[in-house]
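One file, input.cif, carrying mmCIF, C-alpha atoms:
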data_run
loop_
_atom_site.label_atom_id
_atom_site.label_comp_id
_atom_site.auth_asym_id
_atom_site.auth_seq_id
_atom_site.Cartn_x
_atom_site.Cartn_y
_atom_site.Cartn_z
CA MET A 161 75.96 68.00 -44.60
CA LYS A 162 73.75 65.35 -46.24
CA LYS A 163 73.76 63.36 -42.99
CA ILE A 164 72.60 66.41 -41.04
CA ILE A 165 69.79 67.05 -43.53
CA LEU A 166 68.71 63.41 -43.36
CA ILE A 167 68.69 63.50 -39.55
CA VAL A 168 66.60 66.68 -39.52
CA LEU A 169 64.15 65.22 -42.04
CA SER A 170 63.88 62.03 -39.99
CA VAL A 171 63.10 63.99 -36.82
CA VAL A 172 60.48 66.11 -38.62
CA LEU A 173 58.90 63.00 -40.13
CA ALA A 174 58.84 61.22 -36.77
CA LEU A 175 57.18 64.20 -35.10
CA GLY A 176 54.61 64.35 -37.89
CA ILE A 177 53.79 60.67 -37.48
CA LEU A 178 53.42 61.05 -33.71
CA ALA A 179 51.15 64.04 -34.17
CA GLY A 180 49.06 62.12 -36.69
CA CYS A 181 48.69 59.20 -34.30
CA GLY A 182 47.50 61.35 -31.40
CA SER A 183 44.10 60.48 -29.98
CA THR A 184 41.21 62.88 -30.47
CA ALA A 185 41.15 62.95 -26.67
CA ASP A 186 44.14 65.33 -26.83
CA ASN A 187 41.77 68.14 -27.88
CA GLU A 188 39.73 69.03 -24.81
CA ASP A 189 37.54 71.46 -26.78
CA LEU A 190 36.40 68.95 -29.43
CA ILE A 191 34.12 65.93 -29.33
CA LYS A 192 33.99 63.68 -32.37
CA ILE A 193 30.74 61.83 -31.85
CA GLY A 194 29.33 58.94 -33.86
CA VAL A 195 25.55 58.84 -34.20
CA SER A 196 22.67 57.08 -35.90
CA PRO A 197 20.59 59.35 -38.17
CA VAL A 198 17.27 59.44 -36.26
CA PRO A 199 16.78 60.63 -33.59
CA HIS A 200 20.39 60.71 -32.42
CA ARG A 201 21.82 63.12 -34.98
CA GLU A 202 18.80 65.40 -34.58
CA LEU A 203 19.27 65.55 -30.80
CA ILE A 204 23.00 66.19 -31.10
CA GLU A 205 22.43 68.97 -33.64
CA LEU A 206 19.86 70.46 -31.26
CA ILE A 207 22.51 70.99 -28.57
CA GLU A 208 25.41 71.89 -30.88
CA GLU A 209 25.15 75.65 -30.29
CA ASP A 210 24.63 75.18 -26.55
CA LEU A 211 27.91 73.28 -26.31
CA LYS A 212 29.65 75.85 -28.47
CA ASP A 213 28.65 78.44 -25.87
CA GLU A 214 30.41 76.20 -23.33
CA GLY A 215 33.56 76.13 -25.46
CA ILE A 216 32.94 72.64 -26.84
CA GLU A 217 32.99 71.96 -30.59
CA LEU A 218 31.16 68.93 -31.99
CA GLU A 219 32.15 66.95 -35.06
CA ILE A 220 29.22 64.69 -35.95
CA ILE A 221 29.91 61.44 -37.79
CA GLU A 222 26.92 59.43 -38.99
CA PHE A 223 26.87 55.62 -38.97
CA GLU A 224 24.26 53.36 -40.55
CA ASP A 225 24.97 50.19 -38.56
CA TYR A 226 25.36 49.02 -34.96
CA VAL A 227 28.93 47.69 -35.21
CA LYS A 228 31.26 50.39 -36.52
CA PRO A 229 30.43 53.09 -33.93
CA ASN A 230 31.73 51.00 -31.01
CA LEU A 231 34.82 49.84 -32.87
CA ALA A 232 35.58 53.40 -33.97
CA LEU A 233 35.23 54.57 -30.37
CA ALA A 234 37.49 51.85 -28.98
CA GLU A 235 40.12 52.55 -31.64
CA GLY A 236 40.16 56.31 -30.96
CA GLU A 237 38.65 57.37 -34.29
CA ILE A 238 35.83 59.10 -32.41
CA ASP A 239 35.49 60.32 -28.81
CA ALA A 240 31.93 59.24 -28.06
CA ASN A 241 28.96 57.57 -29.68
CA PHE A 242 25.21 57.87 -29.31
CA PHE A 243 23.16 55.12 -30.93
CA GLN A 244 22.70 52.16 -28.57
CA HIS A 245 21.19 50.96 -25.31
CA GLU A 246 23.29 49.64 -22.46
CA PRO A 247 22.43 45.92 -22.78
CA TYR A 248 23.64 46.05 -26.38
CA MET A 249 26.83 47.88 -25.38
CA ASP A 250 27.57 45.43 -22.56
CA ASN A 251 27.17 42.44 -24.86
CA PHE A 252 29.22 44.06 -27.64
CA LYS A 253 32.13 45.03 -25.39
CA GLU A 254 32.30 41.51 -23.96
CA GLU A 255 32.26 39.87 -27.39
CA ASN A 256 34.83 42.27 -28.84
CA ASN A 257 37.03 42.78 -25.78
CA ILE A 258 36.79 46.56 -25.73
CA ASP A 259 36.50 48.88 -22.73
CA ILE A 260 33.77 51.49 -23.17
CA VAL A 261 31.25 52.79 -20.66
CA SER A 262 27.94 54.65 -20.49
CA LEU A 263 27.80 58.34 -19.59
CA GLY A 264 24.05 58.12 -18.89
CA ASN A 265 20.56 57.68 -20.35
CA VAL A 266 19.03 60.03 -22.89
CA HIS A 267 15.92 58.46 -24.40
CA VAL A 268 13.99 55.27 -25.10
CA GLU A 269 12.99 54.21 -28.60
CA PRO A 270 10.13 51.77 -27.99
CA MET A 271 10.46 48.62 -30.08
CA GLY A 272 7.28 47.51 -31.82
CA LEU A 273 5.79 44.76 -33.98
CA PHE A 274 4.78 46.13 -37.39
CA SER A 275 2.90 44.41 -40.20
CA SER A 276 1.67 45.22 -43.67
CA LYS A 277 -0.72 42.28 -43.40
CA TYR A 278 -2.23 42.36 -39.91
CA ASP A 279 -3.81 45.13 -37.85
CA ASP A 280 -4.09 43.22 -34.56
CA ILE A 281 -2.16 40.41 -32.88
CA GLU A 282 -5.37 38.39 -32.75
CA ASP A 283 -5.36 38.35 -36.56
CA ILE A 284 -1.90 36.77 -36.84
CA GLU A 285 -2.33 33.42 -38.55
CA ASP A 286 -0.76 30.08 -37.74
CA GLY A 287 2.71 29.72 -39.26
CA SER A 288 3.25 33.45 -39.87
CA GLU A 289 6.82 34.61 -40.49
CA ILE A 290 8.08 37.26 -38.07
CA ALA A 291 11.38 39.07 -38.70
CA ILE A 292 13.47 40.12 -35.70
CA PRO A 293 16.85 41.88 -35.31
CA ASN A 294 19.85 39.61 -35.85
CA ASP A 295 22.02 40.94 -33.02
CA PRO A 296 21.74 39.10 -29.67
CA THR A 297 20.42 41.90 -27.46
CA ASN A 298 17.83 43.33 -29.86
CA GLY A 299 16.83 39.84 -30.98
CA GLY A 300 16.24 38.89 -27.35
CA ARG A 301 14.44 42.17 -26.77
CA ALA A 302 12.09 41.40 -29.67
CA LEU A 303 11.29 37.94 -28.31
CA LEU A 304 10.61 39.38 -24.85
CA LEU A 305 8.16 41.85 -26.40
CA LEU A 306 6.35 39.02 -28.20
CA GLU A 307 6.25 37.05 -24.95
CA LYS A 308 4.81 40.03 -23.05
CA TYR A 309 1.83 39.99 -25.41
CA GLY A 310 1.33 36.22 -25.23
CA LEU A 311 2.53 35.25 -28.71
CA ILE A 312 5.27 32.99 -27.32
CA LYS A 313 6.60 31.79 -23.97
CA LEU A 314 10.33 31.78 -23.23
CA ASP A 315 12.46 29.81 -20.82
CA PRO A 316 12.50 31.99 -17.66
CA GLU A 317 16.27 31.50 -17.43
CA ALA A 318 16.91 32.94 -20.91
CA GLY A 319 17.07 36.58 -19.84
CA ILE A 320 17.70 39.48 -22.23
CA LEU A 321 19.75 37.37 -24.65
CA ALA A 322 16.91 34.95 -25.36
CA THR A 323 16.97 33.19 -28.74
CA GLU A 324 14.56 31.02 -30.70
CA ASN A 325 16.04 28.02 -28.88
CA ASP A 326 14.61 29.42 -25.64
CA ILE A 327 11.01 29.38 -26.89
CA GLU A 328 9.07 26.88 -24.80
CA GLU A 329 5.59 27.59 -26.17
CA ASN A 330 4.66 28.85 -29.63
CA PRO A 331 0.88 28.40 -30.00
CA LYS A 332 0.70 30.05 -33.44
CA ASN A 333 3.77 28.16 -34.73
CA LEU A 334 5.42 31.43 -35.67
CA LYS A 335 8.53 31.24 -37.85
CA PHE A 336 11.33 33.67 -37.02
CA THR A 337 13.78 35.23 -39.46
CA ALA A 338 16.72 37.23 -38.10
CA LEU A 339 17.69 40.24 -40.23
CA GLU A 340 19.96 43.27 -39.95
CA SER A 341 18.08 45.84 -37.87
CA ALA A 342 18.36 48.57 -40.50
CA TYR A 343 16.76 46.30 -43.13
CA LEU A 344 13.69 45.34 -41.09
CA PRO A 345 11.40 48.19 -42.29
CA ARG A 346 12.18 47.28 -45.90
CA ALA A 347 11.30 43.66 -45.18
CA LEU A 348 7.71 44.41 -44.15
CA ASP A 349 6.34 43.40 -47.56
CA GLU A 350 8.39 40.18 -47.52
CA VAL A 351 7.27 38.82 -44.14
CA ASP A 352 4.06 38.74 -42.11
CA GLY A 353 5.45 41.01 -39.42
CA ALA A 354 8.68 42.56 -38.18
CA VAL A 355 9.84 43.71 -34.76
CA ILE A 356 11.60 47.00 -35.45
CA ASN A 357 13.74 49.30 -33.32
CA GLY A 358 12.19 52.72 -32.84
CA ASN A 359 14.91 54.66 -34.64
CA TYR A 360 14.67 52.55 -37.78
CA ALA A 361 10.87 52.77 -37.70
CA LEU A 362 11.11 56.57 -37.58
CA GLU A 363 13.60 56.62 -40.46
CA ALA A 364 11.06 54.63 -42.50
CA ASP A 365 8.33 57.19 -41.72
CA LEU A 366 6.53 54.79 -39.42
CA VAL A 367 4.93 56.21 -36.27
CA PRO A 368 5.50 53.52 -33.62
CA THR A 369 2.59 54.52 -31.40
CA GLN A 370 0.18 54.47 -34.36
CA ASP A 371 1.56 51.98 -36.87
CA SER A 372 2.70 49.15 -34.58
CA ILE A 373 0.51 46.26 -33.53
CA ILE A 374 2.21 46.03 -30.14
CA ILE A 375 4.85 48.29 -28.60
CA GLU A 376 7.09 48.55 -25.54
CA GLY A 377 5.95 50.83 -22.74
CA LYS A 378 7.74 53.63 -20.94
CA ASP A 379 9.10 51.06 -18.49
CA SER A 380 11.48 49.67 -21.11
CA PRO A 381 14.99 49.05 -19.69
CA TYR A 382 16.53 49.80 -23.09
CA ALA A 383 17.29 53.50 -22.75
CA ASN A 384 19.72 54.87 -25.35
CA ILE A 385 23.00 56.07 -23.88
CA VAL A 386 26.09 58.09 -24.72
CA ALA A 387 29.22 55.89 -24.62
CA VAL A 388 32.86 56.88 -24.16
CA ARG A 389 36.12 55.05 -23.52
CA ALA A 390 36.54 53.82 -19.94
CA GLY A 391 38.53 56.28 -17.86
CA GLU A 392 37.36 59.33 -19.83
CA GLU A 393 33.83 59.56 -18.48
CA ASN A 394 34.69 62.28 -15.96
CA GLU A 395 36.26 64.64 -18.50
CA ASP A 396 34.66 68.07 -18.42
CA ARG A 397 33.68 68.00 -22.10
CA PHE A 398 31.70 64.77 -21.62
CA ILE A 399 30.01 66.00 -18.46
CA LYS A 400 28.84 69.05 -20.42
CA LEU A 401 27.70 66.83 -23.31
CA LEU A 402 25.49 64.71 -21.06
CA GLN A 403 24.10 67.75 -19.24
CA ALA A 404 23.08 69.25 -22.57
CA LEU A 405 21.40 66.01 -23.69
CA GLN A 406 19.53 65.67 -20.40
CA SER A 407 18.23 69.23 -20.49
CA ASP A 408 14.64 70.46 -20.44
CA LYS A 409 15.22 71.70 -24.00
CA VAL A 410 15.91 68.17 -25.25
CA LYS A 411 13.06 66.68 -23.22
CA LYS A 412 10.60 69.16 -24.71
CA PHE A 413 11.91 68.54 -28.24
CA ILE A 414 11.49 64.77 -27.85
CA GLU A 415 7.95 65.08 -26.51
CA GLU A 416 6.89 67.48 -29.27
CA ASN A 417 8.48 65.87 -32.32
CA TYR A 418 8.37 62.07 -32.20
CA GLU A 419 4.73 61.22 -31.45
CA GLY A 420 5.71 58.68 -28.79
CA GLY A 421 8.27 57.01 -31.04
CA VAL A 422 10.95 58.43 -28.75
CA ILE A 423 10.48 58.91 -25.00
CA PRO A 424 12.75 60.90 -22.63
CA GLY A 425 14.83 58.51 -20.55
CA PHE A 426 16.02 60.94 -17.86
#
Step by step, read the file and then write its structure as C-alpha cells.
Amino acid sequence: MKKIILIVLSVVLALGILAGCGSTADNEDLIKIGVSPVPHRELIELIEEDLKDEGIELEIIEFEDYVKPNLALAEGEIDANFFQHEPYMDNFKEENNIDIVSLGNVHVEPMGLFSSKYDDIEDIEDGSEIAIPNDPTNGGRALLLLEKYGLIKLDPEAGILATENDIEENPKNLKFTALESAYLPRALDEVDGAVINGNYALEADLVPTQDSIIIEGKDSPYANIVAVRAGEENEDRFIKLLQALQSDKVKKFIEENYEGGVIPGF
C-alpha cells in the first residue's frame, strides 16, 4: 500500500513540475510583455483594453535596464518585449547567442545631446567631457549623431558600432565617458554634456525637442520594435498586439503627448 501511495505521489509531483515548467507560450490568450517605463509601458497600457476586446490579456512587466528583457524573453519568462531598436537587438542576440526577432516598428525616440553647461554646440569648449551610452549600438549611435553635427569625424568603415577608436578627427579634443544609459540624465551635472536616449530623457522630465542641443531627425533608423522568440512571430496574439500598437489611436497619442520626444515609426 505504501508503494502505491509513493508511486501516486511521484506521478502527481512529476505532473506538477512539468506544468510549472511550461512556457508562457502555452496560453494563447495571454501575453507577458516586458517594457521600459516611458513611453513603452504607457503605450502598452493604452492598448490593453483594445486587446482585451480581442480576447488577449496582457501582463506587463517593467524593466529598468537593456539586458534583462532580452534574456527573460529568450528563457521563456516573458512572451514579448518592447524597449529596444533593431540594431541593438541584432547585436545583443549575436553576443548572447539567443534567437529573437522583431514583430515590427512602433516609434522612434530621437537621441539628443543635452548639457547643463552649454546651450549651443558652438559653445562647447576644447577638452569638454561628453558622456555616451556604454552599450555598443547606442554608443555608436551617439557618436554618429555627434559626427552628423561636425563635432567629430569617424572612420567611414566603422558603421553603427563605431567606438572612440574609430574617431579620425576630434577638433575640440572632446573626452568621452561611457555610462549606463539609464544613468546618463543623472550625470548631466557631472559632465559637460551627455548623449541620452529619448526614453530616458523623458523619464528625467527633459523635452528632447526643446532641451537638447542637437537631436536626431525623423529619418533615424533606430525605430523601437516589439520582439518575440523566433518561430512565434506569426501567432495570432502577436499579430493582434502589433496591429494595436500600429493603430491610429497610438499614433495620435504619440503625437499629442511627447512633444517630439517620441515619433511614430509606422
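For the residues A:Val355, A:Ile290, A:Ile193, A:Ala387, ranking by smallest atom-to-atom distance to Met271 (chain A) using all atoms listed in the file places A:Val355 first.
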From the options A:Phe336, A:Tyr343, A:Tyr360, A:Phe398, which residue's atoms come nearest to Gly287 (chain A), counting only C-alpha atoms?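 Going through A:Phe336, A:Tyr343, A:Tyr360, A:Phe398 one by one, the smallest distance to Gly287 (chain A) is for A:Phe336.
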Is there a way to get, as a PyMOL selection string, all residues within 12 Å of the point (4.0, 44.1, -43.0) in file coordinates, counting only C-alpha atoms? chain A and resi 273-280+284+288-291+344-356+366+371-373
Name the residues within 12 Å of (25.4, 46.5, -22.2), counting all atoms listed in the file in the file's coordinates, and put them as a VMD selection string. chain A and resid 230 244 to 255 258 to 262 296 to 298 320 to 321 381 to 387
In Å to one decimal, how far is CA of Val268 (chain A) from CA of Glu214 (chain A)? 26.7 Å
Kindly give the distance, in Å, that separates CA of Ala404 (chain A) and CA of His200 (chain A), rounded to a single decimal.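 Computed distance, CA of Ala404 (chain A) to CA of His200 (chain A), equals 13.3 Å.
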Separation of CA of Gly215 (chain A) from CA of Asn394 (chain A), in Å and rounded to one decimal: 16.8 Å
Selection result of the PyMOL selection byres ((chain A and resi 324) around 10) on this file, as a VMD selection string: chain A and resid 299 to 300 303 314 322 to 323 325 to 328 335 to 338
